[in-house]
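K.L.:
Next up is a structure, given as structure tokens.
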Amino acid sequence: MDYAERTQRATDNGLGDLLAAPTKNQISFAGGLPDPKLFPQQELSVAFAAAMANSTGDQFQYSDAQGFRPLREQLARLLQRDGVRATADTIAMTQGAQQALDLIARLYINPGDTIVVEAPTYPGAISAFDTYEPHYEGVPVQSDGMDMVALRRVLTERRVKLIYTVPDFQNPTGTVMSLNKRRTLLALAREFDVMIIEDAPYRWLRYNGINLPTLSELDQSDRVIFVDSMSKVLAPGLRVGWVHADAEIIKDLVALKTGADLESSTLTLRGVSQYLADNDLDAHIAALRHNYAQKRDAMVAGLRAEMPGTAIISAPQGGFFVWLELPTTINTDVLAREYKDELALVPGSMTYPLHDHHNGLRLAFTHASIDDIKTGCQRLGRAVRQAMAN
Ligand code: PMP
């Protein structure tokens, strides 16, 4: 039987492969996987045992489609500390940030409606949006974020409904959008009446410098839908994400979530709430930052030693990824395929909405050990030299 037309481009996205654990001889720079040694396993076990032991049994019952309210209150406090004006009523819990992206697109996008995405962008966002059959406009990412001249041109030429951006340590380039560009983006969204999705799962993972205000904080006209997650700072297996927006939008997103899965696992939300009540999340994040900064340094140094002078290597101040731009004679789809037994790589083509760029690579430095990062960079160096010699 034919599949629905709307799912045809969404079924073959290759994302599942990205999140697979590396095989025995493979070093993975592919999926945005945290270092498993850094999961706070003991603390989560204790917190989940306490959530389980609740004598009322509410942890096993259907609950609140918006998500366990005490957790939303805790998250609102964390966000407020970061300048984001969230309250329990402006937050809805989702199954990871990924479900938030799906629900937001479901709320706004008719087939053919235009979504602006950064080019390159997070491949999972493209797959979440694909189901709703949007028209994509990719706006180039510069070293200080989206190219605002190109964005204005797009907004002038077409009616755009949504702009999707990862302003902090963008997936895949690692760039941070400058304060000027944040202000320009909000002014453009206002001028052209567009909603912005601000996806911020890496925001708390800064290794140098200090964070700029979120778009959500700078927004004066309720145009920003802020998406966030525990995946990168706690554990992706929890599938705990959330969306913060104007309370009316939250109400409608919750209605859509009810249709999708009724509600997130109340047991999990209670477990995470207990974890946050009993532990110092800041101290945990400080340990992650310390560890990932070293891995970032190892990868940047490894690439600088191994890559040809014509390659462009990003040096991100946070997040999970280094972005590598190779000479255009090198096709990274081919490279990733040919060396897949040794190295798991995300070819840049996966990160462009039309899959039409072939010389970039997204390299995650968080999952592999420092030794494996060094060896992986050497393997990549050999692969690139071989490709250049052909
Ligand atoms: N947005 C971005 C930018 C991401 O990098 C990821 C995870 N790779 C997600 C959303 C999805 O995260 P989650 O596990 O919270 O669904």
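Labels used: A, B, ... for chains in the order of the structure tokens, numbers from 1 for residues in each chain, and numbers from 1 for ligands as shown.
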Can you pull out the residues contacting Gly145 in chain A? Cut-off 6 Å, using only C-alpha atoms, and skip same-chain residues under 2 positions away; I want them as a compact mmCIF listing (two decimals) with N, CA and C atoms, in the first residue's frame.
P.N.:
```txt
# COMPACT_ATOMS: atom_id res chain seq x y z
N VAL A 141 24.75 30.23 7.63
CA VAL A 141 25.24 30.53 8.98
C VAL A 141 26.64 31.13 8.83
N GLN A 142 26.85 32.31 9.41
CA GLN A 142 28.18 32.93 9.42
C GLN A 142 28.80 32.72 10.79
N SER A 143 30.02 33.23 10.99
CA SER A 143 30.69 32.93 12.27
C SER A 143 29.95 33.55 13.46
N VAL A 176 27.69 30.79 17.78
CA VAL A 176 26.79 31.51 18.68
C VAL A 176 26.30 32.75 17.94
N MET A 177 25.02 33.00 17.97
CA MET A 177 24.49 34.20 17.31
C MET A 177 24.83 35.42 18.16
```
K.L.:
Using only C-alpha atoms and all ligand atoms, I'd like a table of the residues in chain A that come within 10 Å of ligand 1; for each, show the closest atom pair and its distance in Å rounded to one decimal, ordered by chain and ascending number, as JSON lines.
P.N.:
```
{"residue": "A:Leu15", "atom": "CA", "partner": "ligand 1", "partner_atom_place_in_ligand_line": "8 (N)", "distance": 9.9}
{"residue": "A:Leu18", "atom": "CA", "partner": "ligand 1", "partner_atom_place_in_ligand_line": "8 (N)", "distance": 9.6}
{"residue": "A:Leu19", "atom": "CA", "partner": "ligand 1", "partner_atom_place_in_ligand_line": "8 (N)", "distance": 8.8}
{"residue": "A:Gly31", "atom": "CA", "partner": "ligand 1", "partner_atom_place_in_ligand_line": "8 (N)", "distance": 7.1}
{"residue": "A:Gly32", "atom": "CA", "partner": "ligand 1", "partner_atom_place_in_ligand_line": "8 (N)", "distance": 5.1}
{"residue": "A:Leu33", "atom": "CA", "partner": "ligand 1", "partner_atom_place_in_ligand_line": "8 (N)", "distance": 7.5}
{"residue": "A:Pro34", "atom": "CA", "partner": "ligand 1", "partner_atom_place_in_ligand_line": "8 (N)", "distance": 9.8}
{"residue": "A:Thr94", "atom": "CA", "partner": "ligand 1", "partner_atom_place_in_ligand_line": "16 (O)", "distance": 8.5}
{"residue": "A:Gln95", "atom": "CA", "partner": "ligand 1", "partner_atom_place_in_ligand_line": "16 (O)", "distance": 6.5}
{"residue": "A:Gly96", "atom": "CA", "partner": "ligand 1", "partner_atom_place_in_ligand_line": "15 (O)", "distance": 3.4}
{"residue": "A:Ala97", "atom": "CA", "partner": "ligand 1", "partner_atom_place_in_ligand_line": "15 (O)", "distance": 3.7}
{"residue": "A:Gln98", "atom": "CA", "partner": "ligand 1", "partner_atom_place_in_ligand_line": "16 (O)", "distance": 3.7}
{"residue": "A:Gln99", "atom": "CA", "partner": "ligand 1", "partner_atom_place_in_ligand_line": "16 (O)", "distance": 6.5}
{"residue": "A:Ala100", "atom": "CA", "partner": "ligand 1", "partner_atom_place_in_ligand_line": "16 (O)", "distance": 8.0}
{"residue": "A:Leu101", "atom": "CA", "partner": "ligand 1", "partner_atom_place_in_ligand_line": "10 (C)", "distance": 7.6}
{"residue": "A:Thr121", "atom": "CA", "partner": "ligand 1", "partner_atom_place_in_ligand_line": "3 (C)", "distance": 8.0}
{"residue": "A:Tyr122", "atom": "CA", "partner": "ligand 1", "partner_atom_place_in_ligand_line": "3 (C)", "distance": 5.4}
{"residue": "A:Pro123", "atom": "CA", "partner": "ligand 1", "partner_atom_place_in_ligand_line": "5 (O)", "distance": 8.3}
{"residue": "A:Gly124", "atom": "CA", "partner": "ligand 1", "partner_atom_place_in_ligand_line": "9 (C)", "distance": 6.8}
{"residue": "A:Ala125", "atom": "CA", "partner": "ligand 1", "partner_atom_place_in_ligand_line": "1 (N)", "distance": 6.8}
{"residue": "A:Ala128", "atom": "CA", "partner": "ligand 1", "partner_atom_place_in_ligand_line": "10 (C)", "distance": 9.9}
{"residue": "A:Tyr164", "atom": "CA", "partner": "ligand 1", "partner_atom_place_in_ligand_line": "3 (C)", "distance": 9.9}
{"residue": "A:Thr165", "atom": "CA", "partner": "ligand 1", "partner_atom_place_in_ligand_line": "3 (C)", "distance": 8.4}
{"residue": "A:Val166", "atom": "CA", "partner": "ligand 1", "partner_atom_place_in_ligand_line": "3 (C)", "distance": 6.0}
{"residue": "A:Pro167", "atom": "CA", "partner": "ligand 1", "partner_atom_place_in_ligand_line": "3 (C)", "distance": 9.4}
{"residue": "A:Asp168", "atom": "CA", "partner": "ligand 1", "partner_atom_place_in_ligand_line": "3 (C)", "distance": 9.2}
{"residue": "A:Phe169", "atom": "CA", "partner": "ligand 1", "partner_atom_place_in_ligand_line": "3 (C)", "distance": 8.8}
{"residue": "A:Gln170", "atom": "CA", "partner": "ligand 1", "partner_atom_place_in_ligand_line": "3 (C)", "distance": 6.8}
{"residue": "A:Asn171", "atom": "CA", "partner": "ligand 1", "partner_atom_place_in_ligand_line": "3 (C)", "distance": 5.2}
{"residue": "A:Pro172", "atom": "CA", "partner": "ligand 1", "partner_atom_place_in_ligand_line": "5 (O)", "distance": 7.9}
{"residue": "A:Glu198", "atom": "CA", "partner": "ligand 1", "partner_atom_place_in_ligand_line": "3 (C)", "distance": 9.3}
{"residue": "A:Asp199", "atom": "CA", "partner": "ligand 1", "partner_atom_place_in_ligand_line": "1 (N)", "distance": 5.8}
{"residue": "A:Ala200", "atom": "CA", "partner": "ligand 1", "partner_atom_place_in_ligand_line": "3 (C)", "distance": 6.7}
{"residue": "A:Pro201", "atom": "CA", "partner": "ligand 1", "partner_atom_place_in_ligand_line": "2 (C)", "distance": 6.0}
{"residue": "A:Tyr202", "atom": "CA", "partner": "ligand 1", "partner_atom_place_in_ligand_line": "3 (C)", "distance": 7.5}
{"residue": "A:Val227", "atom": "CA", "partner": "ligand 1", "partner_atom_place_in_ligand_line": "1 (N)", "distance": 7.9}
{"residue": "A:Asp228", "atom": "CA", "partner": "ligand 1", "partner_atom_place_in_ligand_line": "15 (O)", "distance": 6.8}
{"residue": "A:Ser229", "atom": "CA", "partner": "ligand 1", "partner_atom_place_in_ligand_line": "15 (O)", "distance": 4.5}
{"residue": "A:Met230", "atom": "CA", "partner": "ligand 1", "partner_atom_place_in_ligand_line": "15 (O)", "distance": 6.4}
{"residue": "A:Ser231", "atom": "CA", "partner": "ligand 1", "partner_atom_place_in_ligand_line": "14 (O)", "distance": 4.8}
{"residue": "A:Lys232", "atom": "CA", "partner": "ligand 1", "partner_atom_place_in_ligand_line": "14 (O)", "distance": 7.3}
{"residue": "A:Val233", "atom": "CA", "partner": "ligand 1", "partner_atom_place_in_ligand_line": "15 (O)", "distance": 10.0}
{"residue": "A:Ala235", "atom": "CA", "partner": "ligand 1", "partner_atom_place_in_ligand_line": "14 (O)", "distance": 8.3}
{"residue": "A:Pro236", "atom": "CA", "partner": "ligand 1", "partner_atom_place_in_ligand_line": "14 (O)", "distance": 5.0}
{"residue": "A:Gly237", "atom": "CA", "partner": "ligand 1", "partner_atom_place_in_ligand_line": "14 (O)", "distance": 7.7}
{"residue": "A:Leu238", "atom": "CA", "partner": "ligand 1", "partner_atom_place_in_ligand_line": "14 (O)", "distance": 8.4}
{"residue": "A:Arg239", "atom": "CA", "partner": "ligand 1", "partner_atom_place_in_ligand_line": "14 (O)", "distance": 6.0}
{"residue": "A:Val240", "atom": "CA", "partner": "ligand 1", "partner_atom_place_in_ligand_line": "15 (O)", "distance": 6.4}
{"residue": "A:Gly241", "atom": "CA", "partner": "ligand 1", "partner_atom_place_in_ligand_line": "15 (O)", "distance": 5.1}
{"residue": "A:Trp242", "atom": "CA", "partner": "ligand 1", "partner_atom_place_in_ligand_line": "15 (O)", "distance": 8.2}
{"residue": "A:Gly319", "atom": "CA", "partner": "ligand 1", "partner_atom_place_in_ligand_line": "5 (O)", "distance": 9.0}
{"residue": "A:Phe320", "atom": "CA", "partner": "ligand 1", "partner_atom_place_in_ligand_line": "5 (O)", "distance": 8.4}
{"residue": "A:Phe321", "atom": "CA", "partner": "ligand 1", "partner_atom_place_in_ligand_line": "5 (O)", "distance": 9.4}
```
K.L.:
Restricted to C-alpha atoms, what would the selected residues look like written as a JSON list (two decimals), in the first residue's frame?
P.N.:
```
[["chain", "number", "residue", "atom", "x", "y", "z"],
["A", 15, "LEU", "CA", 18.56, 9.63, 11.83],
["A", 18, "LEU", "CA", 23.15, 8.51, 13.78],
["A", 19, "LEU", "CA", 22.13, 7.61, 17.29],
["A", 31, "GLY", "CA", 25.38, 11.35, 16.83],
["A", 32, "GLY", "CA", 25.16, 14.08, 19.46],
["A", 33, "LEU", "CA", 25.58, 11.54, 22.25],
["A", 34, "PRO", "CA", 26.74, 12.60, 25.72],
["A", 94, "THR", "CA", 7.52, 17.06, 25.80],
["A", 95, "GLN", "CA", 9.27, 13.81, 24.91],
["A", 96, "GLY", "CA", 12.62, 15.47, 24.39],
["A", 97, "ALA", "CA", 13.01, 18.68, 22.45],
["A", 98, "GLN", "CA", 12.32, 16.60, 19.37],
["A", 99, "GLN", "CA", 8.62, 16.25, 20.15],
["A", 100, "ALA", "CA", 8.40, 19.99, 20.74],
["A", 101, "LEU", "CA", 9.73, 20.59, 17.21],
["A", 121, "THR", "CA", 20.95, 23.04, 10.55],
["A", 122, "TYR", "CA", 20.06, 20.19, 12.96],
["A", 123, "PRO", "CA", 19.09, 17.18, 10.79],
["A", 124, "GLY", "CA", 16.43, 16.06, 13.29],
["A", 125, "ALA", "CA", 14.62, 19.36, 12.88],
["A", 128, "ALA", "CA", 10.44, 16.70, 12.32],
["A", 164, "TYR", "CA", 14.00, 27.85, 13.24],
["A", 165, "THR", "CA", 17.30, 28.70, 14.91],
["A", 166, "VAL", "CA", 19.78, 27.23, 17.40],
["A", 167, "PRO", "CA", 21.42, 30.49, 18.60],
["A", 168, "ASP", "CA", 23.75, 28.90, 21.16],
["A", 169, "PHE", "CA", 26.41, 26.45, 19.93],
["A", 170, "GLN", "CA", 24.45, 25.72, 16.83],
["A", 171, "ASN", "CA", 24.01, 22.18, 15.62],
["A", 172, "PRO", "CA", 26.03, 21.53, 13.47],
["A", 198, "GLU", "CA", 14.62, 29.08, 19.56],
["A", 199, "ASP", "CA", 16.10, 25.63, 20.16],
["A", 200, "ALA", "CA", 18.54, 25.79, 23.07],
["A", 201, "PRO", "CA", 19.62, 22.32, 24.27],
["A", 202, "TYR", "CA", 23.34, 23.24, 24.35],
["A", 227, "VAL", "CA", 12.58, 24.70, 23.17],
["A", 228, "ASP", "CA", 14.90, 23.02, 25.64],
["A", 229, "SER", "CA", 15.85, 19.61, 26.95],
["A", 230, "MET", "CA", 17.52, 17.54, 29.66],
["A", 231, "SER", "CA", 19.11, 15.34, 26.98],
["A", 232, "LYS", "CA", 22.50, 17.03, 26.79],
["A", 233, "VAL", "CA", 22.87, 18.06, 30.44],
["A", 235, "ALA", "CA", 20.54, 12.05, 29.90],
["A", 236, "PRO", "CA", 18.80, 11.70, 26.53],
["A", 237, "GLY", "CA", 17.28, 8.35, 27.52],
["A", 238, "LEU", "CA", 14.98, 10.19, 29.90],
["A", 239, "ARG", "CA", 13.29, 11.86, 26.90],
["A", 240, "VAL", "CA", 12.54, 14.95, 28.95],
["A", 241, "GLY", "CA", 12.23, 18.16, 27.00],
["A", 242, "TRP", "CA", 10.01, 21.20, 27.22],
["A", 319, "GLY", "CA", 28.04, 22.51, 22.69],
["A", 320, "PHE", "CA", 28.83, 19.13, 21.16],
["A", 321, "PHE", "CA", 30.17, 19.73, 17.65]]
```
K.L.:
Enumerate as a PyMOL selection string all residues of range 18-132 of chain A assigned to strand (DSSP E or B) by DSSP on the backbone, naming them with the chain letters and numbers the document uses.
P.N.:
chain A and resi 27-28+91-95+114-119
K.L.:
Name all residues at most 12 Å from Ser369 in chain A (count only C-alpha atoms; drop same-chain ones fewer than 3 positions away) and give them as a list in words.
P.N.:
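Close residues of Ser369 in chain A: Ile27, Ser28, Phe29, Pro34, Asp35, Pro36, Lys37, Leu38, Asn291, Tyr292, Gln294, Lys295, Arg296, Ala298, Met299, Ala364, Phe365, Thr366, Asp372, Ile373, Lys374, Thr375 and Gly376 of chain A.
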K.L.:
Could you pull out the alpha helix (DSSP H) residues of range 177-325 of chain A, going by DSSP on the backbone, and write them as a PyMOL selection string?
P.N.:
chain A and resi 179-191+215-218+247-261+266-278+281-306
K.L.:
Report as JSON lines the residues of range 17-90 of chain A within 8 Å of range 268-283 of chain A, each with its shortest atom pair and distance in Å (one decimal), using only C-alpha atoms, ordered by chain and increasing residue number.
P.N.:
```
{"residue": "A:Glu43", "atom": "CA", "partner": "A:Tyr275", "partner_atom": "CA", "distance": 6.8}
{"residue": "A:Leu44", "atom": "CA", "partner": "A:Tyr275", "partner_atom": "CA", "distance": 6.1}
{"residue": "A:Ala47", "atom": "CA", "partner": "A:Tyr275", "partner_atom": "CA", "distance": 5.0}
{"residue": "A:Phe48", "atom": "CA", "partner": "A:Gly271", "partner_atom": "CA", "distance": 4.5}
{"residue": "A:Ala49", "atom": "CA", "partner": "A:Gly271", "partner_atom": "CA", "distance": 7.9}
{"residue": "A:Ala50", "atom": "CA", "partner": "A:Gln274", "partner_atom": "CA", "distance": 7.5}
{"residue": "A:Ala51", "atom": "CA", "partner": "A:Gly271", "partner_atom": "CA", "distance": 5.3}
{"residue": "A:Met52", "atom": "CA", "partner": "A:Gly271", "partner_atom": "CA", "distance": 7.9}
{"residue": "A:Gln59", "atom": "CA", "partner": "A:Arg270", "partner_atom": "CA", "distance": 7.1}
{"residue": "A:Gly67", "atom": "CA", "partner": "A:Leu269", "partner_atom": "CA", "distance": 7.3}
{"residue": "A:Phe68", "atom": "CA", "partner": "A:Leu269", "partner_atom": "CA", "distance": 6.2}
{"residue": "A:Pro70", "atom": "CA", "partner": "A:Ser273", "partner_atom": "CA", "distance": 7.0}
{"residue": "A:Leu71", "atom": "CA", "partner": "A:Ser273", "partner_atom": "CA", "distance": 4.9}
{"residue": "A:Gln74", "atom": "CA", "partner": "A:Ser273", "partner_atom": "CA", "distance": 7.4}
```
K.L.:
Output C-alpha atoms for every residue in that selection, as a PDB file, in the first residue's frame.
P.N.:
```
ATOM      1  CA  GLU A  43      21.874  10.193  41.791  1.00  0.00           C
ATOM      2  CA  LEU A  44      19.249   9.369  39.164  1.00  0.00           C
ATOM      3  CA  ALA A  47      15.765   9.950  42.740  1.00  0.00           C
ATOM      4  CA  PHE A  48      13.821   7.454  40.641  1.00  0.00           C
ATOM      5  CA  ALA A  49      13.584   5.009  43.541  1.00  0.00           C
ATOM      6  CA  ALA A  50      12.067   7.784  45.665  1.00  0.00           C
ATOM      7  CA  ALA A  51       9.615   8.715  42.884  1.00  0.00           C
ATOM      8  CA  MET A  52       8.633   5.048  42.589  1.00  0.00           C
ATOM      9  CA  GLN A  59       3.373   8.087  39.789  1.00  0.00           C
ATOM     10  CA  GLY A  67       3.505  17.604  32.598  1.00  0.00           C
ATOM     11  CA  PHE A  68       4.122  17.231  36.352  1.00  0.00           C
ATOM     12  CA  PRO A  70       6.345  20.736  40.391  1.00  0.00           C
ATOM     13  CA  LEU A  71       8.872  19.921  37.665  1.00  0.00           C
ATOM     14  CA  GLN A  74      11.568  23.886  39.017  1.00  0.00           C
TER      15      GLN A  74
END
```
K.L.:
I need the residue nearest His355 in chain A from this list: A:Thr56, A:Pro120, A:Leu103, A:Pro22. Use only C-alpha atoms for the distance.
P.N.:
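Between A:Thr56, A:Pro120, A:Leu103, A:Pro22, the residue approaching His355 in chain A most closely is A:Pro120.
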K.L.:
Can you work out the spacing between CA of Thr258 in chain A and CA of Arg69 in chain A in Å, to one decimal?
P.N.:
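Value for the CA of Thr258 in chain A-CA of Arg69 in chain A distance: 16.2 Å.
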K.L.:
What is the distance between CA of Ala86 in chain A and CA of Asp219 in chain A, in Å to one decimal?
P.N.:
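Computed distance, CA of Ala86 in chain A to CA of Asp219 in chain A, equals 12.6 Å.
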K.L.:
Could you list, as a list in words, every residue within 8 Å of Tyr207 in chain A, counting only C-alpha atoms and ignoring same-chain residues fewer than 5 positions away?
P.N.:
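So the residues in contact are Arg289, His290, Tyr292, Ala293, Gln317 and Gly318 of chain A.
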K.L.:
For CA of Val346 in chain A and CA of Gly302 in chain A, quote the distance in Å rounded to one decimal.
P.N.:
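Calculated distance between CA of Val346 in chain A and CA of Gly302 in chain A is 17.8 Å.
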K.L.:
Using only C-alpha atoms, which protein or nucleic acid residues come within 12 Å of Ala150 in chain A? Drop anything in the same chain fewer than 4 positions from it, and give the result as a list in words.
P.N.:
Val116, Val117, Glu118, Ala119, Glu137, Gly138, Val139, Pro140, Val141, Gln142, Gly145, Met146, Val154, Leu155, Thr156, Glu157, Leu185 and Leu188 of chain A
K.L.:
Between A:Cys377, A:Leu262, A:Ile250, A:Leu324, which is the closest to Ala88 in chain A once you count only C-alpha atoms?
P.N.:
A:Ile250
K.L.:
Could you give me, as number ranges by chain, the residues within 12 Å of Thr184 in chain A, counting only C-alpha atoms and dropping anything in the same chain fewer than 2 positions from it?
P.N.:
A: 145-149, 151-152, 177-182, 186-191, 215, 218-219
K.L.:
Those selected residues, please, written with C-alpha atoms and delivered as a PDB file, in the first residue's frame.
P.N.:
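Saved to out_14.pdb:
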```pdb
ATOM      1  CA  GLY A 145      25.079  33.361  13.326  1.00  0.00           C
ATOM      2  CA  MET A 146      22.465  33.578  10.599  1.00  0.00           C
ATOM      3  CA  ASP A 147      23.174  35.926   7.697  1.00  0.00           C
ATOM      4  CA  MET A 148      20.654  38.690   8.395  1.00  0.00           C
ATOM      5  CA  VAL A 149      20.986  40.252   4.931  1.00  0.00           C
ATOM      6  CA  LEU A 151      17.226  36.529   5.879  1.00  0.00           C
ATOM      7  CA  ARG A 152      15.756  39.928   5.039  1.00  0.00           C
ATOM      8  CA  MET A 177      24.488  34.196  17.314  1.00  0.00           C
ATOM      9  CA  SER A 178      25.785  37.664  18.243  1.00  0.00           C
ATOM     10  CA  LEU A 179      23.707  40.044  20.344  1.00  0.00           C
ATOM     11  CA  ASN A 180      23.293  42.368  17.373  1.00  0.00           C
ATOM     12  CA  LYS A 181      21.957  39.575  15.229  1.00  0.00           C
ATOM     13  CA  ARG A 182      19.614  38.413  17.999  1.00  0.00           C
ATOM     14  CA  LEU A 186      13.587  39.764  16.525  1.00  0.00           C
ATOM     15  CA  ALA A 187      13.030  43.045  14.708  1.00  0.00           C
ATOM     16  CA  LEU A 188      12.698  41.213  11.385  1.00  0.00           C
ATOM     17  CA  ALA A 189      10.280  38.693  12.878  1.00  0.00           C
ATOM     18  CA  ARG A 190       8.171  41.555  14.125  1.00  0.00           C
ATOM     19  CA  GLU A 191       8.319  43.487  10.853  1.00  0.00           C
ATOM     20  CA  LEU A 215      15.961  35.407  22.055  1.00  0.00           C
ATOM     21  CA  LEU A 218      14.967  39.810  24.348  1.00  0.00           C
ATOM     22  CA  ASP A 219      11.573  39.224  22.711  1.00  0.00           C
TER      23      ASP A 219
END
```
K.L.:
For range 359-361 of chain A, please output as an MDAnalysis selection string all residues within 12 Å (counting only C-alpha atoms; exclusion window: fewer than 6 positions along the same chain).
P.N.:
chainID A and resid 29:30 119:121 171:173 303 310:314 321:336 344:352 380 384 387
K.L.:
Would you save the residues from that selection as a compact mmCIF listing (two decimals), in the first residue's frame, using N, CA and C atoms?
P.N.:
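As written to disk, out23.txt reads:
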```txt
# COMPACT_ATOMS: atom_id res chain seq x y z
N PHE A 29 32.11 9.90 15.72
CA PHE A 29 31.98 11.36 15.83
C PHE A 29 30.59 11.75 15.33
N ALA A 30 29.69 10.76 15.25
CA ALA A 30 28.42 10.98 14.53
C ALA A 30 27.34 11.60 15.41
N ALA A 119 21.29 27.21 7.37
CA ALA A 119 21.91 26.26 6.44
C ALA A 119 23.41 26.31 6.67
N PRO A 120 23.97 25.29 7.35
CA PRO A 120 23.35 24.02 7.75
C PRO A 120 22.56 24.12 9.06
N THR A 121 21.77 23.06 9.34
CA THR A 121 20.95 23.04 10.55
C THR A 121 20.92 21.63 11.15
N ASN A 171 23.85 23.50 16.22
CA ASN A 171 24.01 22.18 15.62
C ASN A 171 23.76 22.39 14.14
N PRO A 172 24.76 22.20 13.27
CA PRO A 172 26.03 21.53 13.47
C PRO A 172 27.28 22.42 13.57
N THR A 173 27.20 23.73 13.39
CA THR A 173 28.44 24.50 13.22
C THR A 173 29.08 24.94 14.55
N LEU A 303 42.41 17.89 14.66
CA LEU A 303 42.05 18.27 13.29
C LEU A 303 43.08 19.24 12.71
N THR A 310 43.77 23.93 3.54
CA THR A 310 42.57 24.50 2.90
C THR A 310 41.29 24.17 3.66
N ALA A 311 41.38 23.32 4.68
CA ALA A 311 40.17 22.97 5.45
C ALA A 311 39.86 24.08 6.44
N ILE A 312 38.57 24.30 6.72
CA ILE A 312 38.18 25.27 7.74
C ILE A 312 37.65 24.49 8.94
N ILE A 313 38.27 24.74 10.09
CA ILE A 313 37.92 23.99 11.31
C ILE A 313 37.33 24.98 12.31
N SER A 314 36.10 24.74 12.76
CA SER A 314 35.51 25.67 13.74
C SER A 314 36.12 25.39 15.11
N PHE A 321 29.68 19.99 19.00
CA PHE A 321 30.17 19.73 17.65
C PHE A 321 31.26 20.69 17.18
N VAL A 322 32.21 20.08 16.43
CA VAL A 322 33.12 20.87 15.60
C VAL A 322 32.64 20.70 14.16
N TRP A 323 32.68 21.79 13.42
CA TRP A 323 32.26 21.74 12.02
C TRP A 323 33.52 21.87 11.16
N LEU A 324 33.59 21.00 10.18
CA LEU A 324 34.76 20.94 9.31
C LEU A 324 34.31 21.16 7.87
N GLU A 325 34.94 22.12 7.23
CA GLU A 325 34.60 22.43 5.84
C GLU A 325 35.83 22.02 5.01
N LEU A 326 35.66 21.04 4.16
CA LEU A 326 36.78 20.53 3.36
C LEU A 326 36.76 21.15 1.96
N PRO A 327 37.87 21.01 1.21
CA PRO A 327 37.84 21.53 -0.16
C PRO A 327 36.65 20.91 -0.93
N THR A 328 36.07 21.69 -1.84
CA THR A 328 34.83 21.23 -2.51
C THR A 328 35.06 20.00 -3.40
N THR A 329 36.32 19.68 -3.64
CA THR A 329 36.59 18.46 -4.43
C THR A 329 36.30 17.20 -3.61
N ILE A 330 36.16 17.35 -2.32
CA ILE A 330 35.91 16.18 -1.46
C ILE A 330 34.41 16.05 -1.17
N ASN A 331 33.89 14.87 -1.44
CA ASN A 331 32.48 14.61 -1.17
C ASN A 331 32.39 13.81 0.13
N THR A 332 31.84 14.45 1.17
CA THR A 332 31.84 13.80 2.48
C THR A 332 30.79 12.69 2.60
N ASP A 333 29.80 12.67 1.68
CA ASP A 333 28.87 11.51 1.66
C ASP A 333 29.66 10.25 1.32
N VAL A 334 30.53 10.41 0.30
CA VAL A 334 31.34 9.26 -0.14
C VAL A 334 32.33 8.89 0.97
N LEU A 335 32.98 9.91 1.52
CA LEU A 335 33.98 9.67 2.57
C LEU A 335 33.35 8.92 3.76
N ALA A 336 32.18 9.39 4.21
CA ALA A 336 31.52 8.76 5.37
C ALA A 336 31.17 7.31 5.05
N ALA A 344 32.42 6.74 12.47
CA ALA A 344 31.03 7.12 12.19
C ALA A 344 30.99 8.64 12.06
N LEU A 345 30.53 9.12 10.90
CA LEU A 345 30.57 10.55 10.58
C LEU A 345 29.19 11.03 10.12
N VAL A 346 28.91 12.29 10.35
CA VAL A 346 27.69 12.88 9.78
C VAL A 346 28.10 13.76 8.60
N PRO A 347 27.81 13.31 7.38
CA PRO A 347 28.14 14.14 6.23
C PRO A 347 27.30 15.41 6.25
N GLY A 348 27.92 16.50 5.84
CA GLY A 348 27.24 17.80 5.88
C GLY A 348 25.92 17.81 5.13
N SER A 349 25.79 16.96 4.10
CA SER A 349 24.56 16.99 3.30
C SER A 349 23.33 16.73 4.17
N MET A 350 23.50 15.95 5.25
CA MET A 350 22.34 15.67 6.12
C MET A 350 21.87 16.92 6.83
N THR A 351 22.73 17.92 6.92
CA THR A 351 22.41 19.10 7.71
C THR A 351 21.90 20.27 6.86
N TYR A 352 21.80 20.05 5.56
CA TYR A 352 21.24 21.09 4.69
C TYR A 352 19.83 20.69 4.30
N LEU A 380 40.68 10.21 10.19
CA LEU A 380 40.03 11.16 9.29
C LEU A 380 41.07 11.84 8.40
N VAL A 384 41.02 11.88 4.37
CA VAL A 384 40.97 13.12 3.58
C VAL A 384 42.16 13.17 2.62
N ALA A 387 41.43 10.93 -0.21
CA ALA A 387 40.41 11.51 -1.11
C ALA A 387 41.01 12.62 -1.97
```
K.L.:
Calculated over only C-alpha atoms, which of the candidates A:Asp144, A:Asp113, A:Glu133, A:Asp102 has the smallest distance to Thr7 in chain A?
P.N.:
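Nearest to Thr7 in chain A: A:Glu133.
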